[in-house]
$ cat upload30.txt   # compact mmCIF, C-alpha atoms
# COMPACT_ATOMS: atom_id res chain seq x y z
CA MET U 285 24.06 128.36 96.11
CA PRO U 286 26.03 125.84 98.19
CA ARG U 287 28.40 123.27 96.69
CA LEU U 288 26.93 119.78 97.00
CA LEU U 289 28.56 116.37 97.25
CA LEU U 290 26.88 113.54 95.31
CA VAL U 291 27.80 109.92 96.11
CA GLU U 292 26.35 107.44 93.57
CA ASP U 293 28.02 104.36 92.05
CA ASP U 294 25.51 103.96 89.19
CA PRO U 295 27.06 106.00 86.32
CA GLY U 296 23.73 106.58 84.58
CA LEU U 297 21.92 107.76 87.69
CA GLN U 298 24.90 109.84 88.78
CA PHE U 299 24.90 111.61 85.41
CA THR U 300 21.14 112.20 85.55
CA ILE U 301 21.19 113.70 89.04
CA LEU U 302 24.36 115.70 88.34
CA THR U 303 22.88 117.18 85.16
CA ALA U 304 19.61 118.09 86.84
CA LEU U 305 21.36 119.82 89.74
CA GLU U 306 23.76 121.74 87.52
CA GLU U 307 20.85 122.93 85.37
CA LYS U 308 19.37 124.37 88.56
CA GLY U 309 22.57 126.28 89.19
CA TYR U 310 24.15 124.06 91.84
CA ALA U 311 27.86 123.33 91.91
CA VAL U 312 28.26 119.58 92.44
CA ASP U 313 31.19 117.30 93.19
CA ALA U 314 30.26 113.75 92.18
CA VAL U 315 32.08 110.61 93.38
CA SER U 316 31.44 106.89 92.94
CA THR U 317 32.85 105.35 96.14
CA THR U 318 32.49 105.93 99.87
CA GLY U 319 36.26 106.26 100.15
CA GLU U 320 36.29 109.18 97.71
CA ALA U 321 33.34 110.71 99.51
CA ILE U 322 34.97 110.57 102.94
CA GLU U 323 38.21 111.94 101.49
CA ARG U 324 36.35 114.87 99.93
CA LEU U 325 34.55 115.51 103.20
CA SER U 326 37.81 115.53 105.15
CA ASP U 327 39.32 118.05 102.71
CA GLY U 328 36.45 120.48 103.23
CA GLY U 329 32.95 120.01 104.55
CA TYR U 330 29.88 120.31 102.34
CA PRO U 331 26.67 121.88 103.64
CA ILE U 332 24.57 119.30 101.77
CA VAL U 333 25.49 115.71 100.85
CA ILE U 334 23.41 113.34 98.68
CA SER U 335 24.39 109.70 98.95
CA ASP U 336 23.16 106.29 97.92
CA ILE U 337 23.05 103.90 100.87
CA TYR U 338 24.40 100.79 99.17
CA VAL U 339 27.58 101.90 97.41
CA ASP U 340 30.50 99.50 98.02
CA GLU U 341 32.00 97.72 101.02
CA ARG U 342 30.86 100.68 103.10
CA THR U 343 27.51 102.40 102.91
CA GLY U 344 25.90 105.80 102.79
CA LEU U 345 25.52 105.49 106.56
CA ASP U 346 29.31 105.70 106.80
CA VAL U 347 29.19 108.82 104.62
CA LEU U 348 26.49 110.21 106.92
CA ASP U 349 28.64 109.54 109.97
CA ALA U 350 31.71 111.18 108.41
CA ALA U 351 29.74 114.23 107.26
CA LYS U 352 28.22 114.73 110.71
CA ARG U 353 31.58 114.38 112.44
CA ILE U 354 33.08 117.10 110.24
CA ASP U 355 30.03 119.38 110.28
CA PRO U 356 27.18 118.53 112.68
CA ASN U 357 24.94 120.91 110.71
CA CYS U 358 25.52 119.11 107.41
CA SER U 359 22.26 118.03 105.75
CA VAL U 360 22.64 114.48 104.41
CA ILE U 361 20.02 113.14 101.99
CA LEU U 362 20.14 109.37 101.59
CA MET U 363 18.61 107.42 98.70
CA THR U 364 18.18 103.71 98.13
CA GLY U 365 16.25 101.12 96.17
CA ARG U 366 16.50 98.55 98.98
CA GLY U 367 15.17 100.45 101.95
CA THR U 368 14.28 98.60 105.15
CA ILE U 369 12.99 99.75 108.51
CA GLU U 370 16.47 99.07 109.89
CA THR U 371 18.18 101.37 107.40
CA VAL U 372 15.54 104.06 107.89
CA MET U 373 15.97 103.85 111.66
CA ALA U 374 19.76 103.91 111.34
CA ALA U 375 19.57 106.92 109.04
CA THR U 376 17.24 108.69 111.46
CA ARG U 377 19.44 107.96 114.45
CA GLY U 378 22.45 109.17 112.49
CA GLY U 379 20.79 112.50 111.80
CA ALA U 380 19.96 112.12 108.10
CA PHE U 381 17.97 115.07 106.77
CA ASP U 382 15.84 113.00 104.40
CA TYR U 383 15.53 109.46 103.07
CA ILE U 384 14.39 108.99 99.46
CA ALA U 385 13.35 105.67 97.98
CA LYS U 386 14.37 104.79 94.40
CA PRO U 387 13.08 105.25 91.80
CA PHE U 388 12.17 108.86 92.48
CA ASP U 389 11.11 111.92 90.51
CA LEU U 390 13.93 114.45 90.28
CA ASP U 391 11.53 117.08 91.65
CA VAL U 392 11.46 115.06 94.89
CA MET U 393 15.24 115.34 95.11
CA LEU U 394 15.20 119.06 94.29
CA ASN U 395 12.52 119.69 96.92
CA ALA U 396 14.59 117.89 99.55
CA ILE U 397 17.65 119.99 98.67
CA GLU U 398 15.62 123.19 98.84
CA ARG U 399 14.32 122.27 102.28
CA ALA U 400 17.86 121.43 103.38
CA GLU U 401 19.02 124.86 102.17
CA ALA U 402 16.25 126.59 104.10
CA THR U 403 17.10 124.64 107.25
CA ARG U 404 20.80 125.43 106.80
CA GLU U 405 20.03 129.15 106.45
CA VAL U 406 18.04 129.03 109.67
CA GLY U 407 20.95 127.42 111.49
CA GLU U 408 23.49 129.90 110.10
CA LYS U 409 21.38 132.88 111.00
CA GLU U 410 20.94 131.56 114.48
CA ALA U 411 24.66 131.08 114.83
CA GLU U 412 25.65 134.52 113.53
CA GLU U 413 26.83 137.20 115.95
CA GLU U 414 26.39 135.26 119.20
CA ASP U 415 27.88 138.31 120.86
CA LEU U 416 27.13 137.32 124.43
CA PRO U 417 27.00 133.93 126.17
CA GLU U 418 24.68 131.39 124.66
CA THR U 419 22.67 131.06 127.86
CA GLU U 420 22.19 134.65 129.03
CA MET U 421 22.89 138.29 128.53
CA ILE U 422 25.43 139.81 130.88
CA GLY U 423 24.58 142.54 133.35
CA PHE U 424 23.27 143.04 136.84
CA SER U 425 22.30 146.72 136.80
CA PRO U 426 18.75 147.55 137.94
CA SER U 427 17.61 148.24 134.37
CA MET U 428 18.83 144.83 133.22
CA VAL U 429 17.20 143.06 136.15
CA GLU U 430 13.87 144.60 135.14
CA ILE U 431 14.39 143.29 131.59
CA TYR U 432 15.10 139.79 132.93
CA LYS U 433 11.88 139.90 134.95
CA THR U 434 9.87 140.93 131.90
CA VAL U 435 11.44 138.18 129.80
CA ALA U 436 10.62 135.60 132.47
CA ARG U 437 6.96 136.68 132.49
CA VAL U 438 6.45 136.88 128.72
CA ALA U 439 8.57 133.97 127.47
CA GLY U 440 6.06 131.26 128.27
CA THR U 441 3.30 133.01 126.34
CA ASP U 442 2.85 133.50 122.61
CA ALA U 443 2.48 137.27 122.93
CA THR U 444 4.18 139.41 120.32
CA VAL U 445 6.96 141.58 121.74
CA VAL U 446 8.52 144.84 120.59
CA ILE U 447 12.08 145.51 121.76
CA GLU U 448 13.18 149.14 121.52
CA GLY U 449 16.69 150.47 121.89
CA GLU U 450 19.74 151.93 120.21
CA THR U 451 21.87 149.89 117.85
CA GLY U 452 24.22 147.58 119.74
CA THR U 453 22.23 147.38 122.98
CA GLY U 454 21.44 143.66 122.64
CA LYS U 455 17.91 143.59 121.24
CA GLU U 456 18.49 140.32 119.39
CA MET U 457 19.97 138.74 122.52
CA VAL U 458 16.76 139.52 124.42
CA ALA U 459 14.73 138.00 121.57
CA ARG U 460 16.85 134.84 121.81
CA MET U 461 16.33 134.72 125.57
CA ILE U 462 12.58 134.86 125.04
CA HIS U 463 12.78 132.07 122.46
CA ARG U 464 14.98 129.80 124.62
CA ARG U 465 12.54 130.05 127.51
CA SER U 466 9.44 129.45 125.41
CA LYS U 467 7.64 126.28 124.42
CA ARG U 468 9.14 126.87 120.97
CA ALA U 469 12.73 126.51 122.17
CA ASN U 470 13.36 123.31 120.18
CA ALA U 471 12.13 124.89 116.93
CA PRO U 472 14.03 127.44 114.79
CA PHE U 473 14.82 131.00 115.75
CA VAL U 474 15.22 133.09 112.60
CA ALA U 475 16.42 136.70 112.60
CA VAL U 476 15.59 138.99 109.68
CA ASP U 477 17.11 142.45 109.28
CA CYS U 478 14.26 144.30 107.58
CA ALA U 479 16.49 147.30 106.87
CA SER U 480 18.94 145.28 104.78
CA ILE U 481 16.35 143.79 102.42
CA THR U 482 14.92 145.89 99.62
CA PRO U 483 11.14 146.44 99.87
CA THR U 484 10.54 144.51 96.65
CA LEU U 485 12.29 141.41 98.03
CA LEU U 486 11.06 141.53 101.63
CA GLU U 487 7.75 139.88 100.77
CA SER U 488 9.39 136.89 99.07
CA GLU U 489 11.98 136.68 101.86
CA LEU U 490 9.30 136.38 104.54
CA PHE U 491 6.44 134.69 102.67
CA GLY U 492 8.35 132.74 100.01
CA ALA U 493 7.86 132.75 96.26
CA MET U 494 6.80 130.35 93.55
CA ARG U 495 8.89 129.54 90.52
CA GLY U 496 8.34 132.12 87.81
CA ALA U 497 6.77 134.66 90.20
CA PHE U 498 9.33 137.26 89.15
CA THR U 499 12.51 137.57 87.11
CA GLY U 500 15.15 135.23 88.50
CA ALA U 501 12.71 133.02 90.42
CA ASP U 502 13.87 129.76 88.81
CA ARG U 503 12.54 127.57 91.62
CA ASP U 504 10.11 127.66 94.52
CA ARG U 505 11.54 129.51 97.50
CA VAL U 506 10.66 128.74 101.10
CA GLY U 507 10.05 131.92 103.09
CA VAL U 508 11.32 132.70 106.57
CA PHE U 509 7.94 132.24 108.22
CA GLU U 510 7.50 128.77 106.75
CA ALA U 511 11.10 127.77 107.51
CA ALA U 512 10.57 128.81 111.14
CA HIS U 513 7.28 126.91 111.55
CA ARG U 514 6.55 126.35 115.26
CA GLY U 515 9.49 128.59 116.15
CA THR U 516 10.20 132.31 116.51
CA VAL U 517 10.87 134.96 113.87
CA PHE U 518 12.79 138.05 114.97
CA LEU U 519 12.01 141.06 112.76
CA ASP U 520 14.82 143.52 113.40
CA GLU U 521 14.39 147.16 112.37
CA ILE U 522 10.66 146.74 111.90
CA GLY U 523 10.37 150.52 111.55
CA GLU U 524 12.02 150.30 108.12
CA VAL U 525 9.20 148.25 106.59
CA GLU U 526 7.39 150.12 103.81
CA PRO U 527 3.71 151.04 104.47
CA GLU U 528 2.55 148.88 101.53
CA PHE U 529 4.02 145.77 103.11
CA GLN U 530 2.87 146.71 106.61
CA VAL U 531 -0.66 145.78 105.49
CA LYS U 532 0.43 142.27 104.50
CA LEU U 533 2.41 141.82 107.70
CA LEU U 534 -0.64 142.85 109.74
CA ARG U 535 -2.79 140.35 107.87
CA PHE U 536 -0.29 137.60 108.63
CA LEU U 537 -0.27 138.45 112.35
CA GLN U 538 -4.06 138.34 112.39
CA GLU U 539 -4.66 135.25 110.27
CA LYS U 540 -1.42 133.27 110.77
CA GLU U 541 -1.44 132.52 107.04
CA ILE U 542 1.05 133.28 104.31
CA ARG U 543 0.63 133.49 100.55
CA PRO U 544 3.96 132.99 98.75
CA VAL U 545 4.52 135.43 95.90
CA GLY U 546 2.90 133.93 92.81
CA ALA U 547 0.88 131.35 94.77
CA SER U 548 -2.89 130.93 94.40
CA ARG U 549 -3.44 129.53 97.90
CA THR U 550 -2.49 130.46 101.43
CA LYS U 551 -0.63 128.30 103.94
CA GLU U 552 -1.09 128.18 107.69
CA VAL U 553 2.11 128.90 109.60
CA ASP U 554 2.63 128.79 113.34
CA VAL U 555 5.34 131.23 114.40
CA ARG U 556 5.80 133.73 117.17
CA VAL U 557 6.95 137.20 116.13
CA VAL U 558 9.34 139.33 118.14
CA ALA U 559 10.12 142.71 116.57
CA ALA U 560 12.80 145.29 117.31
CA THR U 561 13.52 148.86 116.34
CA ASN U 562 15.93 151.69 117.09
CA ARG U 563 13.28 154.22 116.07
CA ASP U 564 10.36 155.74 117.99
CA LEU U 565 7.46 153.78 116.51
CA GLN U 566 4.86 155.73 118.46
CA ARG U 567 6.13 158.94 116.91
CA MET U 568 6.12 157.26 113.48
CA VAL U 569 2.46 156.32 114.06
CA ASP U 570 1.66 159.93 114.99
CA GLU U 571 3.43 161.11 111.83
CA GLY U 572 1.54 158.61 109.67
CA LYS U 573 4.69 156.65 108.76
CA PHE U 574 3.73 153.43 110.57
CA ARG U 575 0.31 151.83 110.68
CA GLU U 576 -1.41 152.29 114.01
CA ASP U 577 -3.20 148.92 113.81
CA LEU U 578 0.08 147.12 113.13
CA TRP U 579 1.71 148.95 116.02
CA TYR U 580 -1.07 147.81 118.37
CA ARG U 581 -0.80 144.25 117.07
CA LEU U 582 2.98 144.15 117.65
CA ASN U 583 3.03 146.09 120.91
CA THR U 584 1.50 143.50 123.20
CA VAL U 585 4.60 143.68 125.37
CA ARG U 586 7.27 146.36 125.04
CA ILE U 587 10.85 146.05 126.30
CA THR U 588 13.17 149.06 126.22
CA MET U 589 16.91 148.38 126.16
CA PRO U 590 19.05 150.94 128.03
CA PRO U 591 22.17 152.32 126.32
CA LEU U 592 25.47 151.17 127.80
CA CYS U 593 26.18 154.64 129.22
CA GLU U 594 23.17 154.16 131.50
CA ARG U 595 24.43 150.84 132.86
CA ARG U 596 28.06 151.62 133.62
CA ASP U 597 28.11 149.14 136.51
CA ASP U 598 27.83 146.38 133.91
CA ILE U 599 30.92 147.49 131.97
CA PRO U 600 33.51 145.67 134.16
CA VAL U 601 31.77 142.29 133.90
CA LEU U 602 31.17 142.75 130.16
CA ALA U 603 34.79 143.75 129.55
CA ARG U 604 36.16 140.78 131.51
CA PHE U 605 33.85 138.41 129.68
CA PHE U 606 35.00 139.68 126.29
CA VAL U 607 38.68 139.56 127.27
CA ASN U 608 38.33 135.94 128.44
CA LYS U 609 36.41 135.02 125.29
CA TYR U 610 38.97 136.46 122.87
CA ALA U 611 42.00 135.42 124.90
CA GLU U 612 40.81 131.83 124.56
CA ARG U 613 39.97 132.24 120.87
CA TYR U 614 43.33 133.77 119.94
CA ASP U 615 45.42 131.91 122.54
CA ARG U 616 46.50 135.12 124.24
CA ASP U 617 47.65 135.74 127.82
CA VAL U 618 46.15 139.17 128.55
CA LYS U 619 45.51 140.97 131.84
CA LEU U 620 42.72 143.50 132.26
CA MET U 621 43.95 146.02 134.82
CA ASP U 622 41.77 148.02 137.23
CA SER U 623 42.90 151.25 135.60
CA GLY U 624 41.75 149.89 132.25
CA VAL U 625 38.34 149.04 133.66
CA ARG U 626 37.98 152.56 135.08
CA ALA U 627 38.94 154.05 131.71
CA LEU U 628 36.31 151.89 130.01
CA GLN U 629 33.68 153.04 132.50
CA ASP U 630 34.52 156.69 131.87
CA TYR U 631 33.80 156.44 128.13
CA THR U 632 30.31 157.17 126.75
CA TRP U 633 30.16 154.17 124.32
CA PRO U 634 27.92 155.58 121.56
CA GLY U 635 28.03 152.17 119.89
CA ASN U 636 26.92 150.44 123.10
CA VAL U 637 27.79 146.80 123.93
CA ARG U 638 28.73 145.95 120.36
CA GLN U 639 31.30 148.75 120.29
CA LEU U 640 32.70 147.62 123.64
CA GLN U 641 32.96 144.07 122.35
CA HIS U 642 34.92 145.09 119.24
CA MET U 643 37.20 147.27 121.37
CA MET U 644 37.97 144.41 123.77
CA GLU U 645 38.67 142.05 120.87
CA ARG U 646 41.16 144.53 119.41
CA LEU U 647 42.84 145.14 122.79
CA THR U 648 43.05 141.41 123.54
CA ILE U 649 44.94 140.86 120.30
CA LEU U 650 47.24 143.87 120.45
CA ALA U 651 47.96 144.41 124.17
CA ASP U 652 49.47 142.24 126.90
CA ARG U 653 48.16 144.54 129.64
CA ILE U 654 44.91 146.38 129.14
CA ASP U 655 45.46 149.41 131.36
CA ALA U 656 44.25 153.00 131.12
CA ASP U 657 46.92 153.96 128.59
CA ALA U 658 46.05 151.03 126.30
CA VAL U 659 42.35 151.93 126.46
CA HIS U 660 42.97 155.61 125.78
CA ASP U 661 45.26 154.81 122.84
CA ALA U 662 42.67 152.45 121.35
CA LEU U 663 39.89 154.99 121.80
CA THR U 664 42.01 157.69 120.17
CA ILE U 665 42.68 155.50 117.15
CA MET U 666 39.02 154.55 116.91
CA GLU U 667 37.77 158.13 117.12
CA SER U 668 40.34 159.48 114.66
CA ARG U 669 39.41 157.18 111.81
CA GLU U 670 38.68 159.19 108.73
CA LYS U 671 36.09 156.70 107.60
CA PRO U 672 33.53 156.10 110.36
CA VAL U 673 32.01 153.11 108.60
CA GLU U 674 34.11 150.31 107.14
CA THR U 675 33.11 148.43 104.05
CA LEU U 676 32.64 144.67 104.38
CA ALA U 677 35.93 144.09 102.52
CA GLU U 678 37.79 146.50 104.82
CA ALA U 679 36.36 144.85 107.91
CA GLU U 680 37.40 141.43 106.60
CA GLU U 681 40.95 142.61 105.84
CA ASP U 682 41.22 144.19 109.28
CA GLN U 683 40.12 140.95 110.93
CA ILE U 684 42.60 138.89 108.90
CA ARG U 685 45.46 141.22 109.82
CA ARG U 686 44.59 141.07 113.51
CA VAL U 687 44.34 137.29 113.56
CA LEU U 688 47.63 136.91 111.68
CA ALA U 689 49.27 139.23 114.20
CA ALA U 690 47.86 137.18 117.07
CA THR U 691 49.12 133.92 115.57
CA GLY U 692 52.56 135.28 114.74
CA GLY U 693 51.94 134.85 111.04
CA ASN U 694 50.93 131.18 111.32
CA LYS U 695 48.56 130.91 108.37
CA SER U 696 47.24 127.45 109.24
CA LYS U 697 46.28 128.54 112.72
CA ALA U 698 44.89 131.83 111.42
CA ALA U 699 42.69 130.00 108.92
CA GLN U 700 41.42 127.75 111.71
CA ILE U 701 40.53 130.74 113.90
CA LEU U 702 38.87 132.54 111.00
CA GLY U 703 36.86 129.43 110.15
CA ILE U 704 38.05 129.20 106.54
CA GLU U 705 40.24 126.83 104.56
CA ARG U 706 43.93 127.63 104.32
CA LYS U 707 43.78 127.94 100.54
CA THR U 708 40.94 130.45 100.94
CA LEU U 709 43.11 132.49 103.29
CA TYR U 710 45.97 132.41 100.76
CA ARG U 711 43.65 133.76 98.05
CA LYS U 712 42.54 136.57 100.32
CA LEU U 713 46.15 137.42 101.20
CA VAL U 714 47.03 137.63 97.52
CA ARG U 715 44.09 139.96 96.99
CA MET U 716 45.29 142.05 99.96
CA LYS U 717 48.82 142.05 98.42
CA LEU U 718 50.30 140.45 101.52
$ encode --input "upload30.txt" --output "structure tokens"
Amino acid sequence: MPRLLLVEDDPGLQFTILTALEEKGYAVDAVSTTGEAIERLSDGGYPIVISDIYVDERTGLDVLDAAKRIDPNCSVILMTGRGTIETVMAATRGGAFDYIAKPFDLDVMLNAIERAEATREVGEKEAEEEDLPETEMIGFSPSMVEIYKTVARVAGTDATVVIEGETGTGKEMVARMIHRRSKRANAPFVAVDCASITPTLLESELFGAMRGAFTGADRDRVGVFEAAHRGTVFLDEIGEVEPEFQVKLLRFLQEKEIRPVGASRTKEVDVRVVAATNRDLQRMVDEGKFREDLWYRLNTVRITMPPLCERRDDIPVLARFFVNKYAERYDRDVKLMDSGVRALQDYTWPGNVRQLQHMMERLTILADRIDADAVHDALTIMESREKPVETLAEAEEDQIRRVLAATGGNKSKAAQILGIERKTLYRKLVRMKL
């Protein structure tokens, strides 16, 4: 659960709200003045802030402004016993997430926080792994041009789409392109990796769950479909969904209704579904491992992503894009030589664009000139790793080491690049015994 900041000058009300939130498992920092609040915000942003409007010489609107300056995605919930249309309008213009009039039931506050969490999760998922430019994919090969044409035709409709292709070919990027060009572009885009969620939890993740529906469900949970209302849900690795849940997913696609786990009633939800898989779903249907009716429901439009080895003409532009991206991020002056580009084009890239991206990030940090020798050395190191798959901890340590090398050991700058607080970086370095 996220750490919350509570700003309330009434000691009794502050204690009541603080106690209620802590009983729900939230970690809360409580302050009594706007000055303390702004100081806390400047030390480290909070994903959710709850503030009274009338506090002292400054107001909760000042807290709202400070929170949004530090983190534009911060959800600020304002509360007041002297609400006016002017304060409501000011709060709305300032980007407040919700506005609660005193006195209020604590369940109203808890519901607002839960909705803020769901919205925050949507934003974080949308921001994760923006591997390619925000506006477009990169590539001008004939196969990519055909994909662009298909996206242009299908984006304005509400048709379900299945995107097939190997891991790392950019399936999620195509899904985002479809969303950005649709009438749903201003609503959420939520990506769900079906393979990473256990079958028993996938239903509650997508449909939501009511408090007490299962062990550990201590509060109502908003599902992905409801959180993405009027937007797009991207179901990655749809081929990993268990047959038992395929029936429920089919029913949702047909009825556009969800029933949260433990709920007695259904809810109407308006979302577009784009699915992706690195498996042959038609073969799975033939083998009885994937429902034929669900396959037909999903497969209104099919897009097949080519592996990178089949679009070698795109490798130079992709490589240059990644070098420019990481040179700017790590403040590096790096030159990509023609011999390096040719060496990149000669490689088969079993990991596709994602593998190329990670390679270019590593080369941008470690090399001043990316020529054929630098590429060959990097490929040799990559292929000779004893462990083909890194753990999350190993990947994190590797990233920290590379960023520290790029910054010459400047921990403040490294923390800024990594997007973490300096004290957090110090803790990680101690754990790494550095």
$ atom_distance --input "upload30.txt" --atom1 "atom CA of U:Ser316" --atom2 "atom CA of U:Arg353"
20.9 Å
$ residues_near_point --input "upload30.txt" --point "(14.0, 132.6, 112.8)" --cutoff "8 Å" --atoms "only C-alpha atoms" --output "list in words"
Val406, Lys409, Glu410, Pro472, Phe473, Val474, Ala475, Val476, Val508, Phe509, Ala511, Ala512, Gly515, Thr516, Val517 and Phe518 of chain U
$ residues_near_point --input "upload30.txt" --point "(21.9, 111.7, 96.5)" --cutoff "10 Å" --atoms "all atoms listed in the file" --output "NGL selection string"
:U and (288-292 or 297-298 or 301-302 or 314 or 332-337 or 344 or 360-364 or 383-384 or 393 or 397)
$ residues_around --input "upload30.txt" --residues "U:Val458" --least-positions-apart "6" --cutoff "10 Å" --atoms "all atoms listed in the file" --output "PyMOL selection string"
chain U and resi 420-421+431-432+435+447+464+558+560+587+589
$ closest_residue --input "upload30.txt" --among "U:Ala459, U:Ile354, U:Ala304, U:Val446" --to "U:Asp389" --atoms "only C-alpha atoms"
U:Ala304
$ atom_distance --input "upload30.txt" --atom1 "atom CA of U:Glu430" --atom2 "atom CA of U:Arg575"
28.9 Å
$ closest_residue --input "upload30.txt" --among "U:Thr317, U:Phe605, U:Leu718, U:Asp520" --to "U:Met457" --atoms "only C-alpha atoms"
U:Asp520
$ closest_residue --input "upload30.txt" --among "U:Arg543, U:Arg595, U:Arg686, U:Arg567" --to "U:Leu490" --atoms "only C-alpha atoms"
U:Arg543
$ atom_distance --input "upload30.txt" --atom1 "atom CA of U:Arg581" --atom2 "atom CA of U:Arg514"
19.4 Å
$ closest_residue --input "upload30.txt" --among "U:Val312, U:Ala443, U:Val557, U:Leu534" --to "U:Trp579" --atoms "all atoms listed in the file"
U:Leu534
$ residues_around --input "upload30.txt" --residues "U:Ala603" --least-positions-apart "4" --cutoff "10 Å" --atoms "only C-alpha atoms" --output "list in words"
Asp598, Ile599, Val607, Asn608, Lys609, Leu620, Gly624, Val625, Leu628, Gln629, Val637, Leu640, Gln641, Met643, Met644 and Glu645 of chain U
$ residues_around --input "upload30.txt" --residues "U:Glu552" --least-positions-apart "6" --cutoff "12 Å" --atoms "only C-alpha atoms" --output "ChimeraX atom specification"
/U:491,509-510,513-514,536-544
$ closest_residue --input "upload30.txt" --among "U:Arg638, U:Arg586, U:Lys619, U:Arg711" --to "U:Thr453" --atoms "all atoms listed in the file"
U:Arg638
$ closest_atom_pairs --input "upload30.txt" --of "stretch 324-353 of chain U" --to "stretch 689-709 of chain U" --cutoff "12 Å" --atoms "all atoms listed in the file" --output "Markdown table"
| residue | atom | partner | partner_atom | distance |
| --- | --- | --- | --- | --- |
| U:Ser326 | CA | U:Glu705 | CA | 11.6 |
| U:Asp327 | CA | U:Glu705 | CA | 9.0 |
| U:Gly328 | CA | U:Glu705 | CA | 7.5 |
| U:Gly329 | CA | U:Glu705 | CA | 10.0 |
$ decode --input "upload30.txt" --residues "stretch 303-344 of chain U" --atoms "C-alpha atoms" --output "CSV table (one decimal), in the first residue's frame"
chain,number,residue,atom,x,y,z
U,303,THR,CA,-6.4,5.5,13.2
U,304,ALA,CA,-8.9,4.4,10.6
U,305,LEU,CA,-6.3,4.5,7.8
U,306,GLU,CA,-3.7,2.6,9.8
U,307,GLU,CA,-6.3,0.0,10.7
U,308,LYS,CA,-6.7,-0.6,7.0
U,309,GLY,CA,-3.0,-1.1,6.6
U,310,TYR,CA,-2.0,2.3,5.3
U,311,ALA,CA,1.2,4.0,6.3
U,312,VAL,CA,0.4,7.6,7.1
U,313,ASP,CA,2.4,10.7,7.8
U,314,ALA,CA,0.1,13.2,9.6
U,315,VAL,CA,0.9,17.0,9.9
U,316,SER,CA,-1.0,19.9,11.3
U,317,THR,CA,0.2,22.9,9.1
U,318,THR,CA,0.5,23.6,5.4
U,319,GLY,CA,4.2,24.5,6.0
U,320,GLU,CA,4.9,21.0,7.4
U,321,ALA,CA,2.9,19.5,4.5
U,322,ILE,CA,4.8,21.3,1.8
U,323,GLU,CA,8.1,20.5,3.5
U,324,ARG,CA,7.2,16.8,3.6
U,325,LEU,CA,6.2,16.9,0.0
U,326,SER,CA,9.5,18.5,-1.0
U,327,ASP,CA,11.5,15.8,0.8
U,328,GLY,CA,9.7,13.1,-1.1
U,329,GLY,CA,6.5,13.0,-3.0
U,330,TYR,CA,3.4,11.1,-1.9
U,331,PRO,CA,1.2,9.2,-4.3
U,332,ILE,CA,-1.9,10.3,-2.3
U,333,VAL,CA,-2.4,13.4,-0.2
U,334,ILE,CA,-5.5,14.1,2.0
U,335,SER,CA,-5.8,17.7,3.2
U,336,ASP,CA,-8.3,20.0,4.8
U,337,ILE,CA,-8.8,23.2,2.8
U,338,TYR,CA,-8.9,25.7,5.7
U,339,VAL,CA,-5.8,24.9,7.7
U,340,ASP,CA,-3.8,28.1,8.6
U,341,GLU,CA,-2.6,31.2,6.8
U,342,ARG,CA,-2.4,29.0,3.7
U,343,THR,CA,-4.9,26.5,2.5
U,344,GLY,CA,-5.3,23.0,1.2
